[in-house]
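Have a look at target_10.txt; it's compact mmCIF, C-alpha atoms:
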```txt
# COMPACT_ATOMS: atom_id res chain seq x y z
CA MET A 67 -151.67 -5.90 -100.92
CA LYS A 68 -148.86 -8.24 -101.90
CA ARG A 69 -146.66 -5.31 -102.78
CA ALA A 70 -147.40 -3.67 -99.40
CA SER A 71 -146.66 -6.96 -97.60
CA LYS A 72 -143.35 -7.32 -99.42
CA ALA A 73 -142.43 -3.75 -98.65
CA ARG A 74 -143.32 -4.25 -94.98
CA ASN A 75 -141.30 -7.45 -94.81
CA GLY A 76 -138.36 -5.74 -96.51
CA PHE A 77 -138.55 -2.89 -94.01
CA ILE A 78 -138.65 -5.31 -91.06
CA LEU A 79 -135.67 -7.22 -92.48
CA ALA A 80 -133.72 -3.99 -92.91
CA VAL A 81 -134.50 -3.00 -89.33
CA ILE A 82 -133.34 -6.41 -88.07
CA VAL A 83 -130.11 -6.19 -90.06
CA ALA A 84 -129.51 -2.67 -88.75
CA LEU A 85 -130.14 -3.79 -85.16
CA LEU A 86 -127.78 -6.74 -85.55
CA GLY A 87 -125.12 -4.47 -86.99
CA ALA A 88 -125.57 -2.04 -84.12
CA MET A 89 -125.23 -4.90 -81.62
CA VAL A 90 -122.02 -6.06 -83.26
CA VAL A 91 -120.58 -2.54 -83.13
CA LEU A 92 -121.69 -2.07 -79.51
CA SER A 93 -120.26 -5.45 -78.54
CA ALA A 94 -116.91 -4.55 -80.08
CA MET A 95 -116.92 -1.26 -78.20
CA VAL A 96 -117.61 -2.75 -74.76
CA ARG A 97 -115.65 -6.02 -75.18
CA PRO A 98 -112.38 -5.83 -73.16
CA ARG A 99 -109.34 -5.80 -75.38
CA LEU A 100 -107.22 -8.94 -75.08
CA THR A 101 -103.60 -8.09 -74.24
CA ASP A 102 -100.54 -10.31 -74.19
CA PRO A 103 -99.69 -10.83 -70.47
CA HIS A 104 -96.07 -11.52 -71.46
CA ALA A 105 -95.52 -8.58 -73.78
CA GLY A 106 -91.92 -7.44 -73.50
CA GLN A 107 -90.85 -10.59 -71.66
CA VAL A 108 -88.67 -13.55 -72.66
CA TYR A 109 -89.09 -17.25 -71.83
CA VAL A 110 -85.98 -18.61 -70.11
CA TYR A 111 -84.91 -21.61 -68.07
CA ASP A 112 -83.72 -20.34 -64.67
CA GLY A 113 -82.14 -23.61 -63.51
CA TYR A 114 -85.33 -24.93 -61.94
CA ASP A 115 -88.13 -24.20 -64.40
CA TRP A 116 -89.08 -22.31 -67.54
CA VAL A 117 -90.24 -18.82 -66.54
CA TRP A 118 -91.27 -15.55 -68.14
CA MET A 119 -88.74 -12.85 -67.35
CA THR A 120 -88.64 -9.13 -68.04
CA PRO A 121 -85.13 -8.40 -69.39
CA MET A 122 -82.96 -6.01 -67.45
CA GLU A 123 -82.69 -2.80 -69.42
CA GLY A 124 -79.32 -2.04 -70.94
CA VAL A 125 -77.72 -5.43 -70.24
CA PRO A 126 -76.25 -6.97 -73.44
CA VAL A 127 -77.90 -10.18 -74.66
CA ASN A 128 -76.17 -13.51 -75.32
CA ALA A 129 -76.33 -14.50 -79.00
CA MET A 130 -74.77 -17.97 -78.58
CA ALA A 131 -76.79 -21.12 -79.32
CA GLU A 132 -76.24 -24.87 -78.98
CA GLU A 133 -75.53 -25.27 -82.69
CA ASP A 134 -72.60 -22.87 -82.34
CA PHE A 135 -70.52 -25.47 -80.45
CA ASP A 136 -68.77 -28.64 -81.57
CA TRP A 137 -68.32 -31.29 -78.85
CA SER A 138 -66.50 -33.89 -80.95
CA ALA A 139 -63.19 -33.24 -79.14
CA ALA A 140 -62.31 -33.21 -75.44
CA VAL A 141 -62.61 -29.42 -75.39
CA PRO A 142 -65.66 -27.91 -77.11
CA SER A 143 -64.96 -25.51 -79.95
CA TYR A 144 -66.96 -22.46 -80.94
CA LEU A 145 -67.94 -22.54 -84.62
CA ARG A 146 -68.96 -18.97 -85.29
CA ASP A 147 -66.74 -16.01 -86.03
CA GLY A 148 -66.44 -12.98 -83.81
CA TYR A 149 -64.42 -14.39 -80.91
CA ASP A 150 -61.00 -15.74 -80.17
CA VAL A 151 -61.78 -18.60 -77.77
CA LEU A 152 -59.31 -19.61 -75.06
CA CYS A 153 -59.39 -22.74 -72.89
CA GLY A 154 -58.67 -22.48 -69.18
CA VAL A 155 -58.81 -24.09 -65.75
CA ASP A 156 -59.72 -22.63 -62.37
CA VAL A 157 -58.06 -24.12 -59.31
CA SER A 158 -57.64 -23.81 -55.58
CA GLU A 159 -56.04 -25.72 -52.72
CA HIS A 160 -58.51 -28.54 -53.44
CA GLN A 161 -56.41 -29.53 -56.47
CA ALA A 162 -53.25 -29.66 -54.27
CA GLU A 163 -49.97 -30.03 -56.21
CA ILE A 164 -50.16 -29.13 -59.93
CA ASP A 165 -47.60 -29.72 -62.66
CA TRP A 166 -48.18 -26.48 -64.55
CA GLN A 167 -45.79 -27.35 -67.37
CA ARG A 168 -47.91 -30.40 -68.19
CA VAL A 169 -51.08 -28.30 -67.94
CA ALA A 170 -49.70 -25.82 -70.48
CA ALA A 171 -48.50 -28.62 -72.76
CA ALA A 172 -52.05 -30.05 -72.76
CA GLY A 173 -53.30 -26.93 -74.55
CA VAL A 174 -54.58 -24.90 -71.61
CA ASP A 175 -54.31 -21.16 -72.32
CA PHE A 176 -55.17 -19.57 -68.98
CA ALA A 177 -55.69 -20.28 -65.30
CA TYR A 178 -57.94 -18.69 -62.71
CA ILE A 179 -56.42 -19.19 -59.27
CA ARG A 180 -58.19 -18.73 -55.98
CA VAL A 181 -56.54 -16.08 -53.82
CA GLY A 182 -58.56 -16.84 -50.72
CA ARG A 183 -61.98 -17.13 -49.20
CA ARG A 184 -64.30 -15.92 -46.49
CA GLY A 185 -65.82 -18.59 -44.26
CA TYR A 186 -69.59 -18.94 -44.46
CA SER A 187 -70.11 -19.67 -40.76
CA GLU A 188 -68.06 -17.19 -38.74
CA GLY A 189 -66.90 -15.05 -41.65
CA GLY A 190 -63.13 -15.24 -41.24
CA LEU A 191 -60.73 -14.45 -44.09
CA PHE A 192 -58.30 -17.12 -45.28
CA GLU A 193 -55.57 -17.09 -47.90
CA ASP A 194 -55.69 -20.14 -50.19
CA ALA A 195 -52.92 -22.49 -49.08
CA TYR A 196 -51.76 -23.04 -52.69
CA PHE A 197 -52.27 -19.53 -54.04
CA ARG A 198 -48.63 -18.49 -54.26
CA ARG A 199 -47.26 -21.70 -55.70
CA ASN A 200 -50.17 -21.91 -58.18
CA ILE A 201 -49.80 -18.39 -59.53
CA GLU A 202 -46.03 -18.66 -59.73
CA GLY A 203 -46.23 -22.08 -61.42
CA ALA A 204 -48.87 -21.00 -63.93
CA LYS A 205 -46.90 -17.88 -64.85
CA ALA A 206 -43.68 -19.85 -65.21
CA ALA A 207 -45.51 -22.18 -67.61
CA GLY A 208 -46.54 -19.25 -69.80
CA LEU A 209 -50.28 -19.26 -69.02
CA LYS A 210 -52.41 -16.16 -68.84
CA VAL A 211 -53.32 -15.74 -65.19
CA GLY A 212 -56.22 -14.28 -63.25
CA VAL A 213 -57.42 -14.65 -59.67
CA TYR A 214 -60.74 -15.03 -57.90
CA PHE A 215 -61.90 -14.64 -54.32
CA PHE A 216 -64.59 -16.85 -52.80
CA SER A 217 -66.77 -14.26 -51.11
CA GLN A 218 -69.33 -14.64 -48.38
CA ALA A 219 -69.68 -10.91 -47.79
CA VAL A 220 -72.94 -9.71 -46.26
CA THR A 221 -72.04 -6.00 -46.17
CA THR A 222 -70.18 -3.63 -48.47
CA ALA A 223 -67.57 -3.17 -45.72
CA GLU A 224 -66.84 -6.91 -45.86
CA ALA A 225 -66.68 -6.86 -49.66
CA ILE A 226 -64.17 -4.01 -49.58
CA GLU A 227 -62.17 -5.89 -46.95
CA GLU A 228 -62.07 -8.90 -49.29
CA ALA A 229 -60.99 -6.78 -52.24
CA ASN A 230 -58.20 -5.19 -50.21
CA MET A 231 -56.96 -8.62 -49.16
CA VAL A 232 -56.86 -9.65 -52.83
CA LEU A 233 -55.02 -6.48 -53.84
CA ARG A 234 -52.41 -7.03 -51.13
CA LEU A 235 -51.79 -10.65 -52.15
CA VAL A 236 -51.63 -10.11 -55.93
CA GLN A 237 -49.37 -7.06 -55.70
CA PRO A 238 -46.21 -9.05 -56.63
CA TYR A 239 -47.92 -10.72 -59.61
CA ALA A 240 -49.06 -9.04 -62.83
CA GLN A 241 -52.66 -9.93 -63.72
CA ASP A 242 -53.54 -10.84 -67.30
CA LEU A 243 -57.24 -11.29 -66.58
CA PRO A 244 -59.92 -9.51 -64.53
CA ILE A 245 -60.05 -10.13 -60.78
CA MET A 246 -63.26 -12.04 -60.08
CA PHE A 247 -65.80 -11.72 -57.27
CA ASP A 248 -67.01 -15.29 -56.65
CA TRP A 249 -69.99 -15.09 -54.30
CA GLU A 250 -71.92 -18.35 -54.02
CA LYS A 251 -75.00 -19.55 -52.18
CA ILE A 252 -74.40 -22.19 -49.53
CA TYR A 253 -77.05 -24.76 -50.39
CA ASN A 254 -76.20 -27.46 -47.85
CA ASP A 255 -76.22 -25.35 -44.67
CA LEU A 256 -79.20 -23.15 -43.87
CA THR A 257 -77.30 -21.67 -40.92
CA ALA A 258 -74.77 -20.03 -43.26
CA ARG A 259 -74.47 -16.32 -42.52
CA THR A 260 -75.26 -15.50 -46.18
CA THR A 261 -78.55 -17.43 -46.31
CA GLY A 262 -81.37 -15.20 -47.51
CA LEU A 263 -79.19 -12.29 -48.62
CA ASP A 264 -81.35 -10.01 -50.78
CA THR A 265 -80.58 -8.84 -54.32
CA LYS A 266 -79.79 -5.25 -53.38
CA THR A 267 -77.35 -6.18 -50.62
CA LEU A 268 -75.61 -8.80 -52.77
CA SER A 269 -75.37 -6.36 -55.68
CA ASP A 270 -74.02 -3.69 -53.34
CA CYS A 271 -71.33 -6.14 -52.20
CA ALA A 272 -70.38 -7.08 -55.75
CA VAL A 273 -70.12 -3.46 -56.82
CA ALA A 274 -68.10 -2.53 -53.72
CA PHE A 275 -65.61 -5.35 -54.38
CA CYS A 276 -65.29 -4.66 -58.10
CA GLU A 277 -65.01 -0.89 -57.77
CA THR A 278 -62.29 -1.29 -55.13
CA VAL A 279 -60.40 -3.54 -57.54
CA LYS A 280 -60.90 -1.12 -60.43
CA SER A 281 -59.73 1.83 -58.36
CA ALA A 282 -56.41 0.00 -57.96
CA GLY A 283 -56.02 -0.24 -61.74
CA TYR A 284 -57.31 -3.78 -62.35
CA ARG A 285 -60.24 -5.05 -64.38
CA ALA A 286 -63.02 -6.70 -62.39
CA GLY A 287 -65.67 -9.36 -62.91
CA ILE A 288 -68.37 -11.43 -61.25
CA TYR A 289 -68.92 -15.19 -61.17
CA PHE A 290 -72.44 -16.62 -61.04
CA ASN A 291 -74.74 -19.47 -61.99
CA ARG A 292 -78.18 -19.04 -63.56
CA ASN A 293 -80.00 -18.54 -60.27
CA THR A 294 -77.65 -15.84 -59.02
CA GLY A 295 -77.41 -14.27 -62.47
CA TYR A 296 -81.18 -13.94 -62.80
CA TYR A 297 -82.22 -13.35 -59.19
CA GLY A 298 -79.15 -12.49 -57.12
CA PHE A 299 -77.43 -9.71 -59.06
CA ASP A 300 -78.82 -6.50 -60.48
CA LEU A 301 -76.81 -6.69 -63.69
CA THR A 302 -77.87 -3.19 -64.74
CA ARG A 303 -75.30 -1.97 -62.22
CA MET A 304 -72.52 -4.19 -63.55
CA GLY A 305 -72.40 -3.56 -67.27
CA ASP A 306 -68.65 -3.07 -67.56
CA TYR A 307 -67.68 -6.08 -65.44
CA THR A 308 -66.59 -9.40 -66.92
CA TYR A 309 -69.32 -12.06 -66.62
CA TRP A 310 -68.12 -15.54 -65.64
CA PHE A 311 -71.03 -17.92 -66.05
CA ALA A 312 -71.14 -21.42 -64.52
CA LEU A 313 -73.28 -24.03 -66.30
CA PRO A 314 -71.61 -27.43 -66.57
CA GLU A 315 -74.63 -29.50 -67.56
CA SER A 316 -75.32 -27.67 -70.82
CA LYS A 317 -73.96 -27.89 -74.36
CA PHE A 318 -73.75 -24.11 -74.58
CA PRO A 319 -73.81 -21.16 -72.14
CA ASN A 320 -77.59 -21.08 -71.84
CA PHE A 321 -78.03 -17.69 -70.20
CA TYR A 322 -80.07 -14.78 -71.56
CA TYR A 323 -77.41 -12.13 -70.99
CA ARG A 324 -73.91 -11.92 -72.40
CA VAL A 325 -71.27 -14.45 -71.32
CA ASP A 326 -67.54 -13.61 -71.30
CA LEU A 327 -66.32 -16.80 -69.63
CA TRP A 328 -68.19 -20.09 -69.49
CA GLN A 329 -67.37 -22.69 -66.83
CA TYR A 330 -68.53 -25.74 -68.78
CA SER A 331 -67.24 -28.56 -66.55
CA PHE A 332 -66.73 -29.21 -62.84
CA SER A 333 -65.01 -32.55 -63.37
CA ALA A 334 -62.61 -32.43 -66.31
CA THR A 335 -59.44 -34.49 -66.50
CA VAL A 336 -56.38 -32.34 -67.20
CA PRO A 337 -52.80 -33.67 -67.51
CA GLY A 338 -50.75 -32.32 -64.61
CA ILE A 339 -53.73 -32.05 -62.24
CA ASN A 340 -54.52 -35.14 -60.18
CA THR A 341 -58.10 -34.26 -59.21
CA PRO A 342 -61.24 -33.42 -61.23
CA THR A 343 -60.93 -29.83 -62.38
CA ASP A 344 -63.18 -27.01 -63.52
CA MET A 345 -62.79 -26.11 -67.20
CA ASN A 346 -63.69 -22.86 -68.92
CA LEU A 347 -63.92 -21.16 -72.28
CA MET A 348 -63.11 -17.47 -72.57
CA PHE A 349 -64.70 -15.51 -75.41
CA VAL A 350 -62.47 -12.62 -76.48
CA PRO A 351 -64.15 -10.36 -79.06
CA LYS A 352 -62.12 -9.96 -82.23
CA ALA A 353 -61.12 -6.43 -83.11
```

This entry written out as C-alpha cells:
Amino acid sequence: MKRASKARNGFILAVIVALLGAMVVLSAMVRPRLTDPHAGQVYVYDGYDWVWMTPMEGVPVNAMAEEDFDWSAAVPSYLRDGYDVLCGVDVSEHQAEIDWQRVAAAGVDFAYIRVGRRGYSEGGLFEDAYFRRNIEGAKAAGLKVGVYFFSQAVTTAEAIEEANMVLRLVQPYAQDLPIMFDWEKIYNDLTARTTGLDTKTLSDCAVAFCETVKSAGYRAGIYFNRNTGYYGFDLTRMGDYTYWFALPESKFPNFYYRVDLWQYSFSATVPGINTPTDMNLMFVPKA
C-alpha cells in the first residue's frame, strides 16, 4: 500500500509539474511582447525641452561634443583634428561704422555681411544701408567675405525675388563664402506675415532661394537655430547646402545634425566695431 501511495503521489506531482510548465509556456505565448517605444530615435534638446526625435534619413550627423572645445581664450578653439577652424563676424547696418582694418588685426578671418532684408509686416524689400561700405571695407582688409539675406518669404516666388535681389547686389563683389538664406521667426509680433508658416512652405522657400543662387554659380546655405533646424526645415532636401547654426548659450554647437558654421555669440566685443557683435566659427574639413 505504501508503495502504491508513493507512486500515486509521484504521479500527481508529475502532473502538477507538467501543468505548471504548460501554463508557463502558454503564458509566454500569449503575453504581449514588450517593444522599445523609442527604437530608432535619439534624445535631443530642442531649445525648450528634451524630446525623442526620429532622425531625418540621409542628413549627416554632428560628431562635435563639449569636450572638443577650449574656452580659456576670448575665442573658443576646437581641439580635435579634422577641421581648419576660422573665426568670423556677421554684421549689418545695426553695427553702423566699422573699422575693418582693426577687425582684421584682431584675428578675425571672415565676415558675413547682410545684403538686405524683407520686412515682416508688409513684406517690402530693403537693401542694407551699410552693405556696400561693409563688403568693400572687409575685402580691403583682406577678410574672406560672404553675404546673407534676412528673409521673410512666405512663397517660393518671394524667395526667388529675394535671391535675385542678392545676385544683383553682389554682382560687383567676388564671394568667398556661400550666400546664406537667413529666415527667422518673429517671436515678438504675432501679426507678422510669417507667423505659423508650415515646414513644407518654409522648406520650399529655402530651396527656391538656394537653387536660384546656385544656378548663378554661387554656393548656398541656410541659417537656423535649433527650433527651425528641427521643426522648420526639411533638411533631407538641403543636404548640399552649408548649415549655419545659431546657439550662443552653449559651449559647443549642440545640434544633432552637422554644423558648418556656428554662431556662438550675439554680444561679442570686437576691436573696430563699436556695438556688440555676433561671432562665429567656421569648420572647414581638412583634405

Tell me, as an MDAnalysis selection string, which residues lie within 8 Å of A:Tyr186, counting only C-alpha atoms; anything in the same chain fewer than 2 positions away does not count.
chainID A and resid 184 188:189 218 252 258:260

List the neighbours of A:Gly148 out to 9 Å using only C-alpha atoms; skip same-chain residues closer than 3 positions along the sequence, and give me the result as JSON, numbers by chain.
{"A": [349, 350, 351, 352, 353]}

Counting all atoms listed in the file, what is within 12 Å of A:Val220, bar same-chain residues fewer than 3 positions away, as an MDAnalysis selection string?
chainID A and resid 184:189 217 223:228 249:251 258:272 274:275

Quick one: residues within 9 Å of (-64.7, -29.9, -61.4) (file frame), counting only C-alpha atoms, please, as a VMD selection string.
chain A and resid 156 314 331 to 335 341 to 345

Show which residues sit within 10 Å of stretch 159-161 of chain A, as a PyMOL selection string. Count all atoms listed in the file, and ignore same-chain residues fewer than 5 positions away.
chain A and resi 179-182+193-197+200+339-343

Contacts of A:Leu243 at 10 Å or less, counting all atoms listed in the file, minus same-chain residues fewer than 5 places along, as a PyMOL selection string?
chain A and resi 176-178+210-213+284-287+308

What would the file look like if the residues just selected were written as an mmCIF file, keeping the file's coordinate frame with C-alpha atoms?
```
data_model
loop_
_atom_site.group_PDB
_atom_site.id
_atom_site.type_symbol
_atom_site.label_atom_id
_atom_site.label_comp_id
_atom_site.auth_asym_id
_atom_site.auth_seq_id
_atom_site.Cartn_x
_atom_site.Cartn_y
_atom_site.Cartn_z
ATOM 1 C CA PHE A 176 -55.170 -19.570 -68.980
ATOM 2 C CA ALA A 177 -55.690 -20.280 -65.300
ATOM 3 C CA TYR A 178 -57.940 -18.690 -62.710
ATOM 4 C CA LYS A 210 -52.410 -16.160 -68.840
ATOM 5 C CA VAL A 211 -53.320 -15.740 -65.190
ATOM 6 C CA GLY A 212 -56.220 -14.280 -63.250
ATOM 7 C CA VAL A 213 -57.420 -14.650 -59.670
ATOM 8 C CA TYR A 284 -57.310 -3.780 -62.350
ATOM 9 C CA ARG A 285 -60.240 -5.050 -64.380
ATOM 10 C CA ALA A 286 -63.020 -6.700 -62.390
ATOM 11 C CA GLY A 287 -65.670 -9.360 -62.910
ATOM 12 C CA THR A 308 -66.590 -9.400 -66.920
#
```

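The interatomic distance for the pair atom CA of A:Asp300 and atom CA of A:Asp102 works out to 26.0 Å.
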
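The smallest atom-to-atom distance between A:Gly154 and any of A:Leu209, A:Thr257, A:Phe135, A:Leu191, using only C-alpha atoms, is found for A:Leu209.
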
Every residue with an atom at most 8 Å from (-52.1, -34.0, -69.8) (file coordinates; only C-alpha atoms) is what I'm after, so could you write them as a list of chain:residue names?
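Checking each residue against the 8 Å limit leaves A:Arg168, A:Val169, A:Ala171, A:Ala172, A:Val336, A:Pro337, A:Gly338, A:Ile339.
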
Just how far from atom CA of A:Tyr330 is atom CA of A:Trp118, in Å to one decimal?
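Between these atoms lies a distance of 24.9 Å.
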
Kindly provide the residues of stretch 217-333 of chain A that approach stretch 127-132 of chain A to within 12 Å, each paired with its closest atom pair and their distance in Å to one decimal, based on only C-alpha atoms, listed by chain and increasing number, as CSV.
```
residue,atom,partner,partner_atom,distance
A:Leu301,CA,A:Val127,CA,11.6
A:Gly305,CA,A:Val127,CA,11.3
A:Tyr309,CA,A:Asn128,CA,11.2
A:Phe311,CA,A:Asn128,CA,11.5
A:Ser316,CA,A:Glu132,CA,8.7
A:Lys317,CA,A:Glu132,CA,6.0
A:Phe318,CA,A:Glu132,CA,5.1
A:Pro319,CA,A:Met130,CA,7.3
A:Asn320,CA,A:Ala131,CA,7.5
A:Phe321,CA,A:Asn128,CA,6.9
A:Tyr322,CA,A:Asn128,CA,5.6
A:Tyr323,CA,A:Val127,CA,4.2
A:Arg324,CA,A:Asn128,CA,4.0
A:Val325,CA,A:Asn128,CA,6.4
A:Asp326,CA,A:Asn128,CA,9.5
A:Leu327,CA,A:Asn128,CA,11.8
A:Trp328,CA,A:Met130,CA,11.4
```

Atom CA of A:Val151 sits from atom CA of A:Cys276 at a separation of 24.4 Å

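Here the question is which of A:Leu313, A:Leu256, A:Val273, A:Val155 gets nearest to A:Met348 using all atoms listed in the file, and that residue is A:Val155.
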
Restricting the calculation to only C-alpha atoms, which member of A:Thr278, A:Glu315, A:Phe247, A:Asp306 is positioned closest to A:Phe290?
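Closest to A:Phe290 of all the choices is A:Phe247.
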
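Distance check against A:Thr120 using all atoms listed in the file: of A:Arg146, A:Arg199, A:His104, A:Lys205, the minimum falls on A:His104.
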
Could you check which of A:Ala240, A:Arg292, A:Asn254, A:Leu347 is closest to A:Ser143, using only C-alpha atoms?
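Nearest candidate to A:Ser143 out of A:Ala240, A:Arg292, A:Asn254, A:Leu347: A:Leu347.
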
Can you take the partial stretch 293-317 of chain A, add N, CA and C atoms, and return it as a PDB file, in the frame of the given file?
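The resulting file, result03.pdb, is reproduced below:
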```pdb
ATOM      1  N   ASN A 293     -79.153 -19.064 -61.324  1.00  0.00           N
ATOM      2  CA  ASN A 293     -80.000 -18.540 -60.270  1.00  0.00           C
ATOM      3  C   ASN A 293     -79.501 -17.194 -59.769  1.00  0.00           C
ATOM      4  N   THR A 294     -78.196 -17.105 -59.497  1.00  0.00           N
ATOM      5  CA  THR A 294     -77.650 -15.840 -59.020  1.00  0.00           C
ATOM      6  C   THR A 294     -77.652 -14.793 -60.124  1.00  0.00           C
ATOM      7  N   GLY A 295     -77.410 -15.217 -61.363  1.00  0.00           N
ATOM      8  CA  GLY A 295     -77.410 -14.270 -62.470  1.00  0.00           C
ATOM      9  C   GLY A 295     -78.775 -13.650 -62.706  1.00  0.00           C
ATOM     10  N   TYR A 296     -79.827 -14.451 -62.567  1.00  0.00           N
ATOM     11  CA  TYR A 296     -81.180 -13.940 -62.800  1.00  0.00           C
ATOM     12  C   TYR A 296     -81.792 -13.266 -61.575  1.00  0.00           C
ATOM     13  N   TYR A 297     -81.519 -13.805 -60.387  1.00  0.00           N
ATOM     14  CA  TYR A 297     -82.220 -13.350 -59.190  1.00  0.00           C
ATOM     15  C   TYR A 297     -81.328 -12.709 -58.127  1.00  0.00           C
ATOM     16  N   GLY A 298     -80.016 -12.976 -58.187  1.00  0.00           N
ATOM     17  CA  GLY A 298     -79.150 -12.490 -57.120  1.00  0.00           C
ATOM     18  C   GLY A 298     -78.502 -11.155 -57.413  1.00  0.00           C
ATOM     19  N   PHE A 299     -78.133 -10.935 -58.678  1.00  0.00           N
ATOM     20  CA  PHE A 299     -77.430  -9.710 -59.060  1.00  0.00           C
ATOM     21  C   PHE A 299     -78.347  -8.787 -59.864  1.00  0.00           C
ATOM     22  N   ASP A 300     -78.211  -7.506 -59.611  1.00  0.00           N
ATOM     23  CA  ASP A 300     -78.820  -6.500 -60.480  1.00  0.00           C
ATOM     24  C   ASP A 300     -77.777  -6.151 -61.529  1.00  0.00           C
ATOM     25  N   LEU A 301     -77.844  -6.829 -62.675  1.00  0.00           N
ATOM     26  CA  LEU A 301     -76.810  -6.690 -63.690  1.00  0.00           C
ATOM     27  C   LEU A 301     -76.810  -5.316 -64.354  1.00  0.00           C
ATOM     28  N   THR A 302     -77.863  -4.543 -64.179  1.00  0.00           N
ATOM     29  CA  THR A 302     -77.870  -3.190 -64.740  1.00  0.00           C
ATOM     30  C   THR A 302     -76.800  -2.320 -64.095  1.00  0.00           C
ATOM     31  N   ARG A 303     -76.331  -2.731 -62.928  1.00  0.00           N
ATOM     32  CA  ARG A 303     -75.300  -1.970 -62.220  1.00  0.00           C
ATOM     33  C   ARG A 303     -73.892  -2.472 -62.535  1.00  0.00           C
ATOM     34  N   MET A 304     -73.793  -3.500 -63.378  1.00  0.00           N
ATOM     35  CA  MET A 304     -72.520  -4.190 -63.550  1.00  0.00           C
ATOM     36  C   MET A 304     -72.164  -4.378 -65.015  1.00  0.00           C
ATOM     37  N   GLY A 305     -72.548  -3.414 -65.837  1.00  0.00           N
ATOM     38  CA  GLY A 305     -72.400  -3.560 -67.270  1.00  0.00           C
ATOM     39  C   GLY A 305     -70.976  -3.666 -67.765  1.00  0.00           C
ATOM     40  N   ASP A 306     -70.021  -3.042 -67.062  1.00  0.00           N
ATOM     41  CA  ASP A 306     -68.650  -3.070 -67.560  1.00  0.00           C
ATOM     42  C   ASP A 306     -67.797  -4.122 -66.856  1.00  0.00           C
ATOM     43  N   TYR A 307     -68.417  -4.997 -66.065  1.00  0.00           N
ATOM     44  CA  TYR A 307     -67.680  -6.080 -65.440  1.00  0.00           C
ATOM     45  C   TYR A 307     -67.656  -7.294 -66.366  1.00  0.00           C
ATOM     46  N   THR A 308     -66.650  -8.132 -66.199  1.00  0.00           N
ATOM     47  CA  THR A 308     -66.590  -9.400 -66.920  1.00  0.00           C
ATOM     48  C   THR A 308     -67.575 -10.377 -66.282  1.00  0.00           C
ATOM     49  N   TYR A 309     -68.351 -11.084 -67.112  1.00  0.00           N
ATOM     50  CA  TYR A 309     -69.320 -12.060 -66.620  1.00  0.00           C
ATOM     51  C   TYR A 309     -68.747 -13.468 -66.786  1.00  0.00           C
ATOM     52  N   TRP A 310     -68.605 -14.159 -65.664  1.00  0.00           N
ATOM     53  CA  TRP A 310     -68.120 -15.540 -65.640  1.00  0.00           C
ATOM     54  C   TRP A 310     -69.295 -16.420 -65.244  1.00  0.00           C
ATOM     55  N   PHE A 311     -69.775 -17.186 -66.203  1.00  0.00           N
ATOM     56  CA  PHE A 311     -71.030 -17.920 -66.050  1.00  0.00           C
ATOM     57  C   PHE A 311     -70.773 -19.415 -65.871  1.00  0.00           C
ATOM     58  N   ALA A 312     -71.336 -20.005 -64.824  1.00  0.00           N
ATOM     59  CA  ALA A 312     -71.140 -21.420 -64.520  1.00  0.00           C
ATOM     60  C   ALA A 312     -72.374 -22.221 -64.932  1.00  0.00           C
ATOM     61  N   LEU A 313     -72.191 -23.134 -65.892  1.00  0.00           N
ATOM     62  CA  LEU A 313     -73.280 -24.030 -66.300  1.00  0.00           C
ATOM     63  C   LEU A 313     -72.670 -25.288 -66.905  1.00  0.00           C
ATOM     64  N   PRO A 314     -72.310 -26.262 -66.065  1.00  0.00           N
ATOM     65  CA  PRO A 314     -71.610 -27.430 -66.570  1.00  0.00           C
ATOM     66  C   PRO A 314     -72.482 -28.472 -67.248  1.00  0.00           C
ATOM     67  N   GLU A 315     -73.796 -28.432 -67.021  1.00  0.00           N
ATOM     68  CA  GLU A 315     -74.630 -29.500 -67.560  1.00  0.00           C
ATOM     69  C   GLU A 315     -75.175 -29.198 -68.950  1.00  0.00           C
ATOM     70  N   SER A 316     -74.756 -28.111 -69.548  1.00  0.00           N
ATOM     71  CA  SER A 316     -75.320 -27.670 -70.820  1.00  0.00           C
ATOM     72  C   SER A 316     -74.308 -27.810 -71.950  1.00  0.00           C
ATOM     73  N   LYS A 317     -74.812 -27.841 -73.173  1.00  0.00           N
ATOM     74  CA  LYS A 317     -73.960 -27.890 -74.360  1.00  0.00           C
ATOM     75  C   LYS A 317     -73.616 -26.499 -74.879  1.00  0.00           C
TER      76      LYS A 317
END
```
